[in-house]
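As provided, coords.cif (mmCIF, C-alpha atoms) reads as follows.
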```cif
data_data
loop_
_atom_site.label_atom_id
_atom_site.label_comp_id
_atom_site.auth_asym_id
_atom_site.auth_seq_id
_atom_site.Cartn_x
_atom_site.Cartn_y
_atom_site.Cartn_z
CA MET I 1 -99.76 38.59 -61.76
CA SER I 2 -99.04 40.62 -64.85
CA ASN I 3 -101.02 43.64 -66.00
CA SER I 4 -102.34 41.84 -69.06
CA LEU I 5 -103.76 38.96 -66.97
CA VAL I 6 -105.44 41.42 -64.61
CA ARG I 7 -106.99 43.29 -67.55
CA LYS I 8 -108.24 40.08 -69.12
CA SER I 9 -109.80 38.91 -65.88
CA LEU I 10 -111.48 42.31 -65.39
CA GLU I 11 -112.85 42.15 -68.93
CA LEU I 12 -114.30 38.71 -68.21
CA LEU I 13 -116.03 40.02 -65.11
CA GLY I 14 -117.39 43.03 -66.97
CA TYR I 15 -115.60 45.79 -65.10
CA GLU I 16 -114.83 48.92 -66.98
CA LYS I 17 -111.33 49.89 -67.74
CA ARG I 18 -110.43 52.36 -65.00
CA VAL I 19 -106.73 51.77 -64.94
CA LYS I 20 -104.99 54.57 -66.75
CA GLU I 21 -102.44 53.25 -69.15
CA GLY I 22 -99.12 54.99 -69.06
CA LYS I 23 -96.94 55.74 -72.03
CA LYS I 24 -95.34 52.69 -73.50
CA ASN I 25 -91.64 52.54 -73.94
CA ARG I 26 -90.26 51.87 -77.38
CA LYS I 27 -89.18 48.42 -76.27
CA GLN I 28 -92.73 47.51 -75.23
CA ILE I 29 -94.28 48.46 -78.57
CA LYS I 30 -94.42 45.57 -80.99
CA TYR I 31 -94.08 46.82 -84.53
CA LYS I 32 -95.63 44.85 -87.35
CA GLY I 33 -93.26 46.35 -89.86
CA THR I 34 -91.37 49.43 -90.88
CA LEU I 35 -94.59 51.22 -91.80
CA ASP I 36 -95.53 51.40 -88.12
CA LEU I 37 -92.44 53.51 -87.48
CA ILE I 38 -93.90 56.35 -89.57
CA PRO I 39 -95.81 58.84 -87.38
CA PRO I 40 -99.60 58.70 -87.93
CA LYS I 41 -99.80 62.25 -89.27
CA HIS I 42 -97.25 61.42 -91.99
CA ARG I 43 -98.85 58.16 -93.09
CA ILE I 44 -100.57 57.73 -96.41
CA ILE I 45 -104.33 57.63 -96.03
CA SER I 46 -106.74 56.82 -98.80
CA LYS I 47 -109.34 59.33 -99.96
CA ASN I 48 -112.26 57.26 -98.69
CA ASP I 49 -110.51 56.30 -95.42
CA LYS I 50 -112.07 52.86 -95.85
CA THR I 51 -108.89 51.08 -96.79
CA ASP I 52 -106.07 50.50 -94.40
CA LEU I 53 -102.55 51.73 -94.81
CA LEU I 54 -101.43 48.14 -95.05
CA THR I 55 -103.78 47.44 -97.94
CA ILE I 56 -102.60 50.52 -99.81
CA LEU I 57 -98.90 49.85 -99.46
CA GLY I 58 -99.18 46.08 -99.14
CA ARG I 59 -100.00 45.60 -102.79
CA SER I 60 -97.10 44.11 -104.64
CA GLY I 61 -96.37 43.14 -108.18
CA ARG I 62 -96.25 39.43 -107.53
CA THR I 63 -96.67 37.24 -110.53
CA THR I 64 -97.53 33.61 -110.68
CA VAL I 65 -95.51 30.99 -112.47
CA TYR I 66 -98.16 30.76 -115.17
CA GLU I 67 -98.02 34.52 -115.83
CA ALA I 68 -94.22 34.48 -116.00
CA GLN I 69 -94.23 31.56 -118.44
CA LYS I 70 -96.83 33.32 -120.58
CA ARG I 71 -94.78 36.53 -120.64
CA LEU I 72 -91.60 34.63 -121.55
CA SER I 73 -93.33 32.70 -124.31
CA LEU I 74 -94.50 35.95 -125.91
CA CYS I 75 -90.94 37.32 -126.03
CA GLU I 76 -89.03 36.71 -129.22
CA ASN I 77 -86.30 34.12 -129.12
CA ARG I 78 -83.28 36.04 -130.37
CA THR I 79 -80.70 33.29 -129.92
CA ASP I 80 -80.64 32.31 -133.60
CA GLU I 81 -80.15 35.90 -134.72
CA ASN I 82 -77.44 36.51 -132.11
CA ALA I 83 -75.63 33.29 -133.06
CA ARG I 84 -75.69 34.36 -136.73
CA LYS I 85 -74.20 37.75 -135.82
CA LEU I 86 -71.46 36.12 -133.74
CA LEU I 87 -70.60 33.79 -136.60
CA MET I 88 -70.47 36.78 -138.94
CA LEU I 89 -68.05 38.55 -136.59
CA SER I 90 -65.85 35.47 -136.35
CA LYS I 91 -65.20 35.59 -140.13
CA LYS I 92 -61.92 37.18 -141.12
CA CYS I 93 -63.38 39.18 -143.99
CA ILE I 94 -66.48 41.30 -143.91
CA GLU I 95 -68.86 41.44 -146.85
CA PRO I 96 -69.02 44.82 -148.62
CA LYS I 97 -72.74 45.16 -147.91
CA THR I 98 -72.15 44.71 -144.17
CA ALA I 99 -69.16 47.07 -144.21
CA ASN I 100 -71.23 49.81 -145.89
CA LYS I 101 -74.03 49.35 -143.38
CA LEU I 102 -71.57 49.64 -140.46
CA LEU I 103 -70.03 52.79 -141.94
CA GLU I 104 -73.44 54.43 -142.43
CA ARG I 105 -74.44 53.65 -138.87
CA ALA I 106 -71.13 55.00 -137.56
CA VAL I 107 -71.65 58.28 -139.42
CA ARG I 108 -75.30 58.73 -138.50
CA LYS I 109 -74.90 57.23 -135.00
CA LYS I 110 -78.33 55.63 -135.13
CA HIS I 111 -80.11 52.61 -136.51
CA ILE I 112 -81.31 52.86 -140.08
CA PRO I 113 -84.71 51.18 -140.47
CA LYS I 114 -85.35 49.01 -143.51
CA PRO I 115 -87.64 50.64 -146.09
CA LYS I 116 -91.09 49.12 -146.02
CA LYS I 117 -92.55 47.88 -149.28
CA LYS I 118 -95.92 49.35 -150.13
CA LYS I 119 -98.62 46.90 -151.05
CA GLU I 120 -100.41 47.48 -154.31
CA GLU I 121 -104.03 48.36 -153.82
CA ALA I 122 -106.31 45.67 -155.16
CA THR I 123 -109.69 46.74 -156.48
CA ALA I 124 -112.72 44.80 -157.59
CA PHE I 125 -113.10 47.02 -160.66
CA THR I 126 -111.20 46.65 -163.91
CA GLU I 127 -109.91 49.37 -166.20
CA GLU I 128 -112.92 48.86 -168.47
CA ASP I 129 -115.29 49.56 -165.57
CA PHE I 130 -113.47 52.80 -164.81
CA LYS I 131 -113.68 53.85 -168.47
CA LYS I 132 -117.42 53.13 -168.56
CA PHE I 133 -117.98 55.12 -165.38
CA GLU I 134 -115.92 58.02 -166.70
CA ALA I 135 -117.87 58.02 -169.97
CA GLU I 136 -121.20 58.03 -168.12
CA TYR I 137 -120.05 60.76 -165.76
CA VAL I 138 -118.76 63.01 -168.54
CA ASP I 139 -121.94 62.60 -170.61
CA GLN I 140 -124.13 64.01 -167.85
#
```

In structure tokens, how does this file's structure come out?
Amino acid sequence: MSNSLVRKSLELLGYEKRVKEGKKNRKQIKYKGTLDLIPPKHRIISKNDKTDLLTILGRSGRTTVYEAQKRLSLCENRTDENARKLLMLSKKCIEPKTANKLLERAVRKKHIPKPKKKKEEATAFTEEDFKKFEAEYVDQ
């Protein structure tokens, strides 16, 4: 009879555990993973000590198919722009505008952003309203 069967039968009968367990060899210990190989004093323990080590380190960044499709759909499709650039490079002559842009980037060694156009501010008041207000304000 093996030790485990004897222990189980003693537990069924209600006897207390009086048999002193010896040290287990490394071959007898069944590890659940590489985290069990870390000594207990070096393991990561949560502040509350309510969560297990496995729950702390077991969290992974798994994504579902739906999340991956959603993320990919939000990304810009750059194939048209890349194809246009490749076609431009396949031409034998380069346009002067493109040549100047390449030279400027080579000198500065960085991307030159396009200047943004400022929108004109639209107001609900006309010039006549401003003149009337100014006249009233100056009279006081």

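Distance-wise, atom CA of I:Ala99 and atom CA of I:Arg84 end up 16.1 Å apart.
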
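The gap separating atom CA of I:Leu86 from atom CA of I:Ser73 is 24.1 Å, in Å to one decimal.
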
Next item on the list: Please indicate the distance in Å from atom CA of I:Pro96 to atom CA of I:Asn77, rounded to one decimal place.
Entry: 28.2 Å
